[in-house]
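File shown: my_file15.cif (mmCIF, N, CA and C atoms).
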data_start
loop_
_atom_site.label_atom_id
_atom_site.label_comp_id
_atom_site.auth_asym_id
_atom_site.auth_seq_id
_atom_site.Cartn_x
_atom_site.Cartn_y
_atom_site.Cartn_z
N MET V 1 -3.85 7.71 2.76
CA MET V 1 -4.14 9.00 3.35
C MET V 1 -4.58 9.95 2.23
N SER V 2 -5.67 10.67 2.48
CA SER V 2 -6.16 11.59 1.47
C SER V 2 -5.24 12.81 1.35
N LEU V 3 -5.35 13.48 0.23
CA LEU V 3 -4.50 14.64 -0.02
C LEU V 3 -4.79 15.77 0.99
N ILE V 4 -6.06 15.98 1.30
CA ILE V 4 -6.40 17.05 2.24
C ILE V 4 -5.81 16.76 3.61
N THR V 5 -5.84 15.50 4.05
CA THR V 5 -5.24 15.12 5.34
C THR V 5 -3.74 15.37 5.31
N GLN V 6 -3.09 15.00 4.20
CA GLN V 6 -1.66 15.22 4.04
C GLN V 6 -1.34 16.71 4.08
N ILE V 7 -2.15 17.52 3.39
CA ILE V 7 -1.94 18.97 3.37
C ILE V 7 -2.09 19.54 4.78
N ASP V 8 -3.11 19.08 5.52
CA ASP V 8 -3.31 19.56 6.90
C ASP V 8 -2.08 19.28 7.76
N GLN V 9 -1.53 18.08 7.63
CA GLN V 9 -0.34 17.72 8.40
C GLN V 9 0.85 18.59 7.99
N ASP V 10 1.00 18.81 6.70
CA ASP V 10 2.11 19.63 6.21
C ASP V 10 1.95 21.09 6.63
N ILE V 11 0.71 21.57 6.73
CA ILE V 11 0.47 22.93 7.21
C ILE V 11 0.95 23.06 8.65
N LYS V 12 0.62 22.07 9.46
CA LYS V 12 1.05 22.09 10.87
C LYS V 12 2.58 22.10 10.97
N LEU V 13 3.22 21.25 10.16
CA LEU V 13 4.68 21.20 10.19
C LEU V 13 5.29 22.52 9.72
N ALA V 14 4.71 23.13 8.70
CA ALA V 14 5.22 24.41 8.19
C ALA V 14 5.04 25.51 9.23
N MET V 15 3.94 25.46 9.96
CA MET V 15 3.72 26.45 11.03
C MET V 15 4.76 26.30 12.13
N LEU V 16 5.00 25.05 12.53
CA LEU V 16 5.98 24.80 13.59
C LEU V 16 7.39 25.21 13.16
N ALA V 17 7.69 25.01 11.89
CA ALA V 17 9.02 25.34 11.37
C ALA V 17 9.12 26.80 10.93
N LYS V 18 8.00 27.54 11.04
CA LYS V 18 7.96 28.95 10.65
C LYS V 18 8.38 29.17 9.19
N GLN V 19 7.86 28.31 8.31
CA GLN V 19 8.15 28.40 6.88
C GLN V 19 6.99 29.13 6.20
N SER V 20 7.05 30.44 6.20
CA SER V 20 5.91 31.24 5.72
C SER V 20 5.64 31.05 4.23
N GLU V 21 6.68 30.92 3.39
CA GLU V 21 6.46 30.72 1.96
C GLU V 21 5.77 29.39 1.69
N ARG V 22 6.24 28.35 2.34
CA ARG V 22 5.63 27.02 2.18
C ARG V 22 4.20 27.02 2.71
N LEU V 23 3.99 27.67 3.82
CA LEU V 23 2.67 27.75 4.43
C LEU V 23 1.68 28.43 3.49
N GLN V 24 2.11 29.47 2.83
CA GLN V 24 1.24 30.19 1.89
C GLN V 24 0.81 29.26 0.74
N GLY V 25 1.73 28.49 0.20
CA GLY V 25 1.41 27.56 -0.87
C GLY V 25 0.48 26.44 -0.41
N LEU V 26 0.73 25.92 0.78
CA LEU V 26 -0.10 24.84 1.32
C LEU V 26 -1.53 25.33 1.58
N ARG V 27 -1.64 26.54 2.08
CA ARG V 27 -2.98 27.09 2.32
C ARG V 27 -3.73 27.32 1.01
N ALA V 28 -3.01 27.69 -0.03
CA ALA V 28 -3.64 27.85 -1.34
C ALA V 28 -4.17 26.51 -1.85
N ILE V 29 -3.39 25.45 -1.65
CA ILE V 29 -3.83 24.12 -2.06
C ILE V 29 -5.09 23.73 -1.30
N LYS V 30 -5.06 23.91 0.01
CA LYS V 30 -6.20 23.52 0.84
C LYS V 30 -7.45 24.30 0.44
N ALA V 31 -7.30 25.59 0.22
CA ALA V 31 -8.44 26.41 -0.17
C ALA V 31 -9.03 25.94 -1.51
N ALA V 32 -8.17 25.64 -2.47
CA ALA V 32 -8.65 25.19 -3.77
C ALA V 32 -9.34 23.83 -3.67
N LEU V 33 -8.79 22.92 -2.85
CA LEU V 33 -9.41 21.61 -2.69
C LEU V 33 -10.75 21.71 -1.98
N LEU V 34 -10.84 22.56 -0.96
CA LEU V 34 -12.11 22.74 -0.27
C LEU V 34 -13.14 23.38 -1.18
N LEU V 35 -12.71 24.31 -2.02
CA LEU V 35 -13.61 24.93 -2.97
C LEU V 35 -14.13 23.89 -3.98
N ALA V 36 -13.24 23.04 -4.46
CA ALA V 36 -13.63 21.99 -5.41
C ALA V 36 -14.61 21.01 -4.75
N LYS V 37 -14.41 20.77 -3.47
CA LYS V 37 -15.26 19.83 -2.73
C LYS V 37 -16.67 20.39 -2.54
N THR V 38 -16.79 21.70 -2.44
CA THR V 38 -18.09 22.32 -2.17
C THR V 38 -18.77 22.87 -3.41
N GLU V 39 -18.17 22.68 -4.59
CA GLU V 39 -18.78 23.16 -5.82
C GLU V 39 -20.10 22.47 -6.07
N LYS V 40 -20.97 23.15 -6.77
CA LYS V 40 -22.27 22.60 -7.11
C LYS V 40 -22.10 21.34 -7.95
N GLY V 41 -22.75 20.28 -7.54
CA GLY V 41 -22.68 19.02 -8.27
C GLY V 41 -21.49 18.15 -7.89
N ALA V 42 -20.67 18.60 -6.94
CA ALA V 42 -19.50 17.81 -6.55
C ALA V 42 -19.93 16.67 -5.62
N ALA V 43 -19.18 15.59 -5.64
CA ALA V 43 -19.45 14.46 -4.77
C ALA V 43 -19.00 14.80 -3.35
N GLU V 44 -19.35 13.94 -2.40
CA GLU V 44 -18.96 14.15 -1.00
C GLU V 44 -17.43 14.26 -0.87
N GLU V 45 -16.74 13.35 -1.52
CA GLU V 45 -15.28 13.36 -1.55
C GLU V 45 -14.84 13.56 -2.99
N ILE V 46 -13.77 14.34 -3.18
CA ILE V 46 -13.30 14.52 -4.55
C ILE V 46 -12.32 13.40 -4.90
N SER V 47 -12.35 13.01 -6.15
CA SER V 47 -11.53 11.89 -6.60
C SER V 47 -10.07 12.32 -6.76
N ASN V 48 -9.21 11.33 -6.89
CA ASN V 48 -7.78 11.60 -7.12
C ASN V 48 -7.59 12.41 -8.39
N GLU V 49 -8.34 12.06 -9.44
CA GLU V 49 -8.22 12.77 -10.71
C GLU V 49 -8.60 14.23 -10.54
N ALA V 50 -9.67 14.49 -9.78
CA ALA V 50 -10.10 15.87 -9.55
C ALA V 50 -9.06 16.63 -8.74
N GLU V 51 -8.46 15.97 -7.76
CA GLU V 51 -7.40 16.60 -6.96
C GLU V 51 -6.22 16.98 -7.85
N ILE V 52 -5.84 16.09 -8.74
CA ILE V 52 -4.72 16.35 -9.64
C ILE V 52 -5.03 17.53 -10.55
N LYS V 53 -6.26 17.58 -11.07
CA LYS V 53 -6.65 18.68 -11.94
C LYS V 53 -6.61 20.01 -11.19
N VAL V 54 -7.04 20.02 -9.93
CA VAL V 54 -7.00 21.24 -9.12
C VAL V 54 -5.55 21.70 -8.95
N LEU V 55 -4.67 20.76 -8.62
CA LEU V 55 -3.25 21.10 -8.41
C LEU V 55 -2.61 21.58 -9.71
N GLN V 56 -2.95 20.93 -10.82
CA GLN V 56 -2.40 21.36 -12.11
C GLN V 56 -2.87 22.77 -12.45
N ARG V 57 -4.13 23.06 -12.15
CA ARG V 57 -4.66 24.40 -12.42
C ARG V 57 -3.93 25.44 -11.57
N LEU V 58 -3.66 25.10 -10.30
CA LEU V 58 -2.92 26.02 -9.44
C LEU V 58 -1.53 26.30 -9.98
N VAL V 59 -0.84 25.26 -10.43
CA VAL V 59 0.51 25.43 -10.97
C VAL V 59 0.46 26.27 -12.25
N LYS V 60 -0.52 25.98 -13.11
CA LYS V 60 -0.65 26.72 -14.37
C LYS V 60 -0.90 28.20 -14.09
N GLN V 61 -1.78 28.50 -13.15
CA GLN V 61 -2.07 29.90 -12.81
C GLN V 61 -0.82 30.61 -12.31
N ARG V 62 -0.06 29.92 -11.49
CA ARG V 62 1.13 30.55 -10.93
C ARG V 62 2.22 30.74 -11.99
N LYS V 63 2.33 29.80 -12.91
CA LYS V 63 3.31 29.96 -13.99
C LYS V 63 2.95 31.14 -14.88
N GLU V 64 1.66 31.28 -15.18
CA GLU V 64 1.23 32.42 -15.99
C GLU V 64 1.50 33.73 -15.27
N SER V 65 1.19 33.77 -13.97
CA SER V 65 1.44 34.98 -13.19
C SER V 65 2.93 35.28 -13.12
N ALA V 66 3.74 34.24 -12.92
CA ALA V 66 5.19 34.42 -12.84
C ALA V 66 5.74 34.99 -14.14
N ASP V 67 5.22 34.51 -15.27
CA ASP V 67 5.66 35.03 -16.58
C ASP V 67 5.34 36.52 -16.70
N ILE V 68 4.14 36.89 -16.28
CA ILE V 68 3.74 38.30 -16.34
C ILE V 68 4.64 39.15 -15.45
N TYR V 69 4.87 38.68 -14.24
CA TYR V 69 5.72 39.44 -13.31
C TYR V 69 7.14 39.57 -13.83
N LYS V 70 7.63 38.51 -14.47
CA LYS V 70 9.00 38.53 -15.01
C LYS V 70 9.12 39.57 -16.12
N THR V 71 8.11 39.61 -17.01
CA THR V 71 8.17 40.57 -18.11
C THR V 71 8.02 42.01 -17.61
N GLN V 72 7.34 42.17 -16.48
CA GLN V 72 7.16 43.52 -15.92
C GLN V 72 8.30 43.92 -14.99
N GLY V 73 9.27 43.02 -14.79
CA GLY V 73 10.41 43.34 -13.95
C GLY V 73 10.09 43.29 -12.46
N ARG V 74 9.03 42.58 -12.09
CA ARG V 74 8.65 42.47 -10.68
C ARG V 74 9.23 41.17 -10.11
N ASP V 75 10.53 41.16 -9.87
CA ASP V 75 11.20 39.95 -9.41
C ASP V 75 10.71 39.50 -8.04
N ASP V 76 10.27 40.44 -7.19
CA ASP V 76 9.76 40.07 -5.87
C ASP V 76 8.51 39.22 -5.99
N LEU V 77 7.56 39.63 -6.83
CA LEU V 77 6.33 38.87 -7.01
C LEU V 77 6.58 37.59 -7.82
N TYR V 78 7.53 37.66 -8.74
CA TYR V 78 7.91 36.48 -9.51
C TYR V 78 8.41 35.38 -8.56
N GLN V 79 9.22 35.77 -7.60
CA GLN V 79 9.77 34.79 -6.66
C GLN V 79 8.68 34.18 -5.78
N VAL V 80 7.69 34.96 -5.39
CA VAL V 80 6.57 34.44 -4.59
C VAL V 80 5.84 33.35 -5.38
N GLU V 81 5.57 33.61 -6.65
CA GLU V 81 4.88 32.62 -7.49
C GLU V 81 5.72 31.36 -7.66
N MET V 82 7.01 31.52 -7.87
CA MET V 82 7.89 30.36 -8.04
C MET V 82 7.98 29.53 -6.76
N ASP V 83 7.97 30.20 -5.60
CA ASP V 83 7.97 29.48 -4.32
C ASP V 83 6.70 28.65 -4.17
N GLU V 84 5.57 29.22 -4.57
CA GLU V 84 4.31 28.48 -4.47
C GLU V 84 4.30 27.29 -5.43
N ILE V 85 4.86 27.47 -6.62
CA ILE V 85 4.95 26.35 -7.57
C ILE V 85 5.79 25.23 -6.96
N ALA V 86 6.90 25.60 -6.33
CA ALA V 86 7.77 24.60 -5.71
C ALA V 86 7.07 23.89 -4.56
N THR V 87 6.12 24.53 -3.93
CA THR V 87 5.36 23.91 -2.84
C THR V 87 4.30 22.97 -3.39
N ILE V 88 3.67 23.34 -4.49
CA ILE V 88 2.55 22.57 -5.03
C ILE V 88 3.01 21.34 -5.82
N GLU V 89 4.07 21.47 -6.60
CA GLU V 89 4.49 20.40 -7.52
C GLU V 89 4.78 19.05 -6.86
N PRO V 90 5.33 18.98 -5.65
CA PRO V 90 5.56 17.65 -5.06
C PRO V 90 4.30 16.82 -4.84
N TYR V 91 3.14 17.45 -4.80
CA TYR V 91 1.88 16.73 -4.61
C TYR V 91 1.30 16.21 -5.92
N LEU V 92 1.91 16.58 -7.04
CA LEU V 92 1.48 16.10 -8.35
C LEU V 92 2.24 14.83 -8.70
N PRO V 93 1.66 13.98 -9.55
CA PRO V 93 2.41 12.81 -10.02
C PRO V 93 3.63 13.26 -10.80
N GLN V 94 4.60 12.38 -10.91
CA GLN V 94 5.82 12.68 -11.66
C GLN V 94 5.46 13.05 -13.09
N GLN V 95 5.94 14.18 -13.55
CA GLN V 95 5.65 14.66 -14.90
C GLN V 95 6.59 13.99 -15.90
N MET V 96 6.06 13.71 -17.08
CA MET V 96 6.86 13.10 -18.14
C MET V 96 7.76 14.16 -18.77
N SER V 97 8.91 13.74 -19.24
CA SER V 97 9.80 14.66 -19.95
C SER V 97 9.27 14.85 -21.37
N ARG V 98 9.74 15.88 -22.04
CA ARG V 98 9.30 16.14 -23.42
C ARG V 98 9.66 14.95 -24.31
N PHE V 99 10.81 14.35 -24.09
CA PHE V 99 11.24 13.19 -24.87
C PHE V 99 10.26 12.03 -24.69
N GLU V 100 9.83 11.78 -23.45
CA GLU V 100 8.87 10.70 -23.18
C GLU V 100 7.52 11.00 -23.83
N ILE V 101 7.12 12.27 -23.78
CA ILE V 101 5.85 12.66 -24.40
C ILE V 101 5.91 12.44 -25.90
N GLU V 102 7.03 12.84 -26.53
CA GLU V 102 7.19 12.64 -27.97
C GLU V 102 7.08 11.17 -28.34
N GLY V 103 7.73 10.30 -27.57
CA GLY V 103 7.66 8.86 -27.83
C GLY V 103 6.24 8.34 -27.71
N PHE V 104 5.54 8.78 -26.67
CA PHE V 104 4.16 8.34 -26.47
C PHE V 104 3.26 8.80 -27.61
N ILE V 105 3.40 10.07 -28.01
CA ILE V 105 2.56 10.63 -29.06
C ILE V 105 2.85 9.93 -30.40
N GLN V 106 4.12 9.64 -30.69
CA GLN V 106 4.45 8.92 -31.92
C GLN V 106 3.77 7.55 -31.93
N GLU V 107 3.80 6.86 -30.81
CA GLU V 107 3.16 5.54 -30.70
C GLU V 107 1.65 5.69 -30.85
N LEU V 108 1.07 6.72 -30.26
CA LEU V 108 -0.37 6.97 -30.34
C LEU V 108 -0.80 7.29 -31.78
N ILE V 109 -0.01 8.10 -32.47
CA ILE V 109 -0.31 8.44 -33.87
C ILE V 109 -0.31 7.18 -34.73
N GLY V 110 0.66 6.32 -34.51
CA GLY V 110 0.72 5.06 -35.25
C GLY V 110 -0.45 4.15 -34.91
N ARG V 111 -0.85 4.13 -33.66
CA ARG V 111 -1.93 3.26 -33.20
C ARG V 111 -3.28 3.67 -33.79
N ILE V 112 -3.56 4.98 -33.88
CA ILE V 112 -4.86 5.40 -34.40
C ILE V 112 -4.81 5.72 -35.90
N GLY V 113 -3.64 5.69 -36.49
CA GLY V 113 -3.50 5.91 -37.92
C GLY V 113 -3.67 7.36 -38.36
N ALA V 114 -3.25 8.28 -37.52
CA ALA V 114 -3.33 9.70 -37.87
C ALA V 114 -2.30 10.01 -38.94
N THR V 115 -2.71 10.85 -39.91
CA THR V 115 -1.81 11.14 -41.02
C THR V 115 -1.46 12.62 -41.15
N GLY V 116 -2.26 13.49 -40.62
CA GLY V 116 -1.98 14.92 -40.78
C GLY V 116 -2.71 15.76 -39.75
N MET V 117 -2.68 17.08 -39.97
CA MET V 117 -3.27 18.02 -39.04
C MET V 117 -4.79 17.83 -38.91
N ALA V 118 -5.41 17.21 -39.88
CA ALA V 118 -6.85 16.96 -39.81
C ALA V 118 -7.19 16.00 -38.67
N ASP V 119 -6.22 15.19 -38.25
CA ASP V 119 -6.43 14.22 -37.17
C ASP V 119 -6.00 14.76 -35.81
N MET V 120 -5.63 16.03 -35.74
CA MET V 120 -5.10 16.58 -34.49
C MET V 120 -6.11 16.46 -33.35
N GLY V 121 -7.37 16.70 -33.61
CA GLY V 121 -8.39 16.63 -32.56
C GLY V 121 -8.48 15.25 -31.94
N ARG V 122 -8.46 14.21 -32.78
CA ARG V 122 -8.52 12.83 -32.26
C ARG V 122 -7.28 12.52 -31.43
N VAL V 123 -6.12 12.90 -31.95
CA VAL V 123 -4.86 12.61 -31.24
C VAL V 123 -4.83 13.36 -29.90
N MET V 124 -5.22 14.64 -29.92
CA MET V 124 -5.22 15.44 -28.69
C MET V 124 -6.17 14.86 -27.65
N GLY V 125 -7.36 14.46 -28.09
CA GLY V 125 -8.34 13.90 -27.17
C GLY V 125 -7.83 12.67 -26.47
N MET V 126 -7.27 11.75 -27.23
CA MET V 126 -6.75 10.51 -26.65
C MET V 126 -5.52 10.78 -25.79
N ALA V 127 -4.64 11.66 -26.26
CA ALA V 127 -3.41 11.95 -25.53
C ALA V 127 -3.73 12.61 -24.20
N ASN V 128 -4.65 13.58 -24.20
CA ASN V 128 -5.01 14.25 -22.95
C ASN V 128 -5.63 13.27 -21.97
N LYS V 129 -6.42 12.34 -22.47
CA LYS V 129 -7.06 11.36 -21.59
C LYS V 129 -6.02 10.39 -21.02
N GLU V 130 -5.13 9.90 -21.86
CA GLU V 130 -4.16 8.90 -21.42
C GLU V 130 -3.01 9.50 -20.61
N LEU V 131 -2.69 10.76 -20.83
CA LEU V 131 -1.57 11.39 -20.12
C LEU V 131 -2.04 12.31 -18.98
N ALA V 132 -3.30 12.20 -18.60
CA ALA V 132 -3.85 13.07 -17.56
C ALA V 132 -2.99 12.99 -16.30
N GLY V 133 -2.55 14.15 -15.84
CA GLY V 133 -1.75 14.22 -14.63
C GLY V 133 -0.26 14.02 -14.85
N GLN V 134 0.12 13.53 -16.03
CA GLN V 134 1.52 13.25 -16.28
C GLN V 134 2.18 14.28 -17.19
N ALA V 135 1.36 15.06 -17.90
CA ALA V 135 1.89 16.08 -18.80
C ALA V 135 0.85 17.17 -18.96
N ASP V 136 1.31 18.41 -19.15
CA ASP V 136 0.35 19.48 -19.31
C ASP V 136 -0.10 19.58 -20.76
N GLY V 137 -1.30 20.08 -20.96
CA GLY V 137 -1.91 20.15 -22.28
C GLY V 137 -1.14 20.97 -23.29
N LYS V 138 -0.48 22.02 -22.82
CA LYS V 138 0.28 22.89 -23.73
C LYS V 138 1.43 22.11 -24.37
N THR V 139 2.16 21.36 -23.57
CA THR V 139 3.27 20.57 -24.09
C THR V 139 2.76 19.48 -25.03
N ILE V 140 1.67 18.83 -24.65
CA ILE V 140 1.08 17.80 -25.51
C ILE V 140 0.71 18.40 -26.86
N SER V 141 0.06 19.56 -26.83
CA SER V 141 -0.36 20.23 -28.06
C SER V 141 0.84 20.57 -28.94
N GLU V 142 1.90 21.09 -28.35
CA GLU V 142 3.10 21.44 -29.12
C GLU V 142 3.68 20.21 -29.80
N VAL V 143 3.75 19.10 -29.06
CA VAL V 143 4.34 17.87 -29.60
C VAL V 143 3.46 17.31 -30.73
N VAL V 144 2.14 17.32 -30.52
CA VAL V 144 1.24 16.80 -31.55
C VAL V 144 1.36 17.63 -32.82
N LYS V 145 1.37 18.96 -32.69
CA LYS V 145 1.51 19.83 -33.87
C LYS V 145 2.81 19.55 -34.60
N GLN V 146 3.88 19.38 -33.83
CA GLN V 146 5.20 19.13 -34.42
C GLN V 146 5.22 17.79 -35.17
N LEU V 147 4.61 16.77 -34.60
CA LEU V 147 4.68 15.45 -35.21
C LEU V 147 3.69 15.27 -36.37
N LEU V 148 2.57 16.00 -36.34
CA LEU V 148 1.59 15.86 -37.42
C LEU V 148 1.87 16.80 -38.60
N ALA V 149 2.69 17.82 -38.39
CA ALA V 149 2.95 18.80 -39.45
C ALA V 149 3.79 18.19 -40.56
#
I'd like the structure from this file rewritten - as structure tokens, please.
Amino acid sequence: MSLITQIDQDIKLAMLAKQSERLQGLRAIKAALLLAKTEKGAAEEISNEAEIKVLQRLVKQRKESADIYKTQGRDDLYQVEMDEIATIEPYLPQQMSRFEIEGFIQELIGRIGATGMADMGRVMGMANKELAGQADGKTISEVVKQLLA
């Protein structure tokens, strides 16, 4: 079953259950997926990888907004963003823990023979490609900097 079909079914269930917070998050997902589907140069159907990237972008945007709201003392808006994150995250693949990312990056550094910060670009490129959907780029970058320093 495609993600859009799953989202449509979940929207119906959220409407029937009168879950307005969940409904808001599901509608945001659907809107973003439909937008990605109609972008210039997009294929008829969007791939799983593209769907994951859209969902990751939505989560990242909401986390950034939540941080801003938290620093401004807007707990009401902060909670709205956190509710949407909780709605979106179950549709993403299981995220790796920082410990798992560190282990993977150490193995990758050994595999490509990286020795210092000069090799960060190569390590980041391969890590982002191999960990796509399983870890966010910010965490990967932090771990690579820590291990190459």
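Using all atoms listed in the file, the residues found no farther than 8 Å from Arg27 in chain V, other than those of its own chain fewer than 4 positions away, are Ile7, Asp10, Ile11, Glu21, Arg22, Leu23, Ala31, Ala32 and Leu33 of chain V.
A straight line drawn from atom C of Arg98 in chain V to atom C of Lys138 in chain V is 10.9 Å long.
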Give me the residues of range 13-60 of chain V that have any atom at most 8 Å from an atom of range 72-88 of chain V; for each, the nearest atom pair and the distance in Å, rounded to one decimal. Use all atoms listed in the file, sort by chain and number, and format it as a Markdown table.
| residue | atom | partner | partner_atom | distance |
| --- | --- | --- | --- | --- |
| V:Glu21 | C | V:Asp83 | C | 6.0 |
| V:Arg22 | CA | V:Thr87 | CA | 5.9 |
| V:Leu23 | N | V:Thr87 | CA | 7.8 |
| V:Gln24 | C | V:Glu84 | CA | 6.3 |
| V:Gly25 | CA | V:Glu84 | CA | 4.7 |
| V:Leu26 | N | V:Thr87 | CA | 6.2 |
| V:Ile29 | CA | V:Ile88 | CA | 7.2 |
| V:Leu55 | CA | V:Ile88 | C | 6.8 |
| V:Gln56 | N | V:Ile88 | C | 7.8 |
| V:Leu58 | C | V:Ile85 | CA | 6.9 |
| V:Val59 | CA | V:Ile85 | CA | 5.7 |
| V:Lys60 | N | V:Ile85 | CA | 7.8 |
Let me make sure I understand: among V:Ala14, V:Ile52, V:Ile4, V:Leu35, which one has the smallest atom-to-atom distance to Leu92 in chain V if we use only N, CA and C atoms? V:Ile52
V:Lys18, V:Lys129, V:Lys30, V:Arg62: which is nearest Leu3 in chain V, counting only N, CA and C atoms? V:Lys30
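The space between CA of Gly133 in chain V and atom C of Tyr91 in chain V spans 9.4 Å.
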Env of Ala132 in chain V: 8 Å cut, atoms = all atoms listed in the file, seq-sep filter 4 positions within chain, self excluded. Answer as a list in words. Glu49, Ile52, Lys53, Met126, Ala127, Asn128 and Asp136 of chain V
Give as a VMD selection string the residues that the PyMOL selection byres ((chain V and resi 96) around 5) matches when applied to the coordinates above. chain V and resid 94 to 95 97 to 98 134 to 135
Just give me the gap between atom C of Met15 in chain V and atom N of Pro90 in chain V in Å, one decimal is fine.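 About the pair atom C of Met15 in chain V and atom N of Pro90 in chain V: they are 19.2 Å apart.
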Report as a ChimeraX atom specification the residues that result from applying the PyMOL selection byres ((chain V and resi 115-123) around 8) to the structure here. /V:105,108-110,112-114,124-129,144-145,147-149
Those same residues - N, CA and C atoms - I'd like them written as a CSV table (one decimal), keeping the file's coordinate frame.
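Output file result.csv follows:
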chain,number,residue,atom,x,y,z
V,105,ILE,N,3.4,10.1,-28.0
V,105,ILE,CA,2.6,10.6,-29.1
V,105,ILE,C,2.8,9.9,-30.4
V,108,LEU,N,1.1,6.7,-30.3
V,108,LEU,CA,-0.4,7.0,-30.3
V,108,LEU,C,-0.8,7.3,-31.8
V,109,ILE,N,0.0,8.1,-32.5
V,109,ILE,CA,-0.3,8.4,-33.9
V,109,ILE,C,-0.3,7.2,-34.7
V,110,GLY,N,0.7,6.3,-34.5
V,110,GLY,CA,0.7,5.1,-35.2
V,110,GLY,C,-0.4,4.2,-34.9
V,112,ILE,N,-3.6,5.0,-33.9
V,112,ILE,CA,-4.9,5.4,-34.4
V,112,ILE,C,-4.8,5.7,-35.9
V,113,GLY,N,-3.6,5.7,-36.5
V,113,GLY,CA,-3.5,5.9,-37.9
V,113,GLY,C,-3.7,7.4,-38.4
V,114,ALA,N,-3.2,8.3,-37.5
V,114,ALA,CA,-3.3,9.7,-37.9
V,114,ALA,C,-2.3,10.0,-38.9
V,124,MET,N,-5.2,14.6,-29.9
V,124,MET,CA,-5.2,15.4,-28.7
V,124,MET,C,-6.2,14.9,-27.6
V,125,GLY,N,-7.4,14.5,-28.1
V,125,GLY,CA,-8.3,13.9,-27.2
V,125,GLY,C,-7.8,12.7,-26.5
V,126,MET,N,-7.3,11.8,-27.2
V,126,MET,CA,-6.8,10.5,-26.6
V,126,MET,C,-5.5,10.8,-25.8
V,127,ALA,N,-4.6,11.7,-26.3
V,127,ALA,CA,-3.4,12.0,-25.5
V,127,ALA,C,-3.7,12.6,-24.2
V,128,ASN,N,-4.6,13.6,-24.2
V,128,ASN,CA,-5.0,14.2,-23.0
V,128,ASN,C,-5.6,13.3,-22.0
V,129,LYS,N,-6.4,12.3,-22.5
V,129,LYS,CA,-7.1,11.4,-21.6
V,129,LYS,C,-6.0,10.4,-21.0
V,144,VAL,N,2.1,17.3,-30.5
V,144,VAL,CA,1.2,16.8,-31.6
V,144,VAL,C,1.4,17.6,-32.8
V,145,LYS,N,1.4,19.0,-32.7
V,145,LYS,CA,1.5,19.8,-33.9
V,145,LYS,C,2.8,19.6,-34.6
V,147,LEU,N,4.6,16.8,-34.6
V,147,LEU,CA,4.7,15.4,-35.2
V,147,LEU,C,3.7,15.3,-36.4
V,148,LEU,N,2.6,16.0,-36.3
V,148,LEU,CA,1.6,15.9,-37.4
V,148,LEU,C,1.9,16.8,-38.6
V,149,ALA,N,2.7,17.8,-38.4
V,149,ALA,CA,3.0,18.8,-39.4
V,149,ALA,C,3.8,18.2,-40.6
Determine which residues of chain V receive a DSSP assignment of helix (DSSP H, G or I), computed from the backbone, and state them as number ranges by chain. V: 3-16, 20-38, 48-71, 75-91, 98-112, 117-130, 137-148
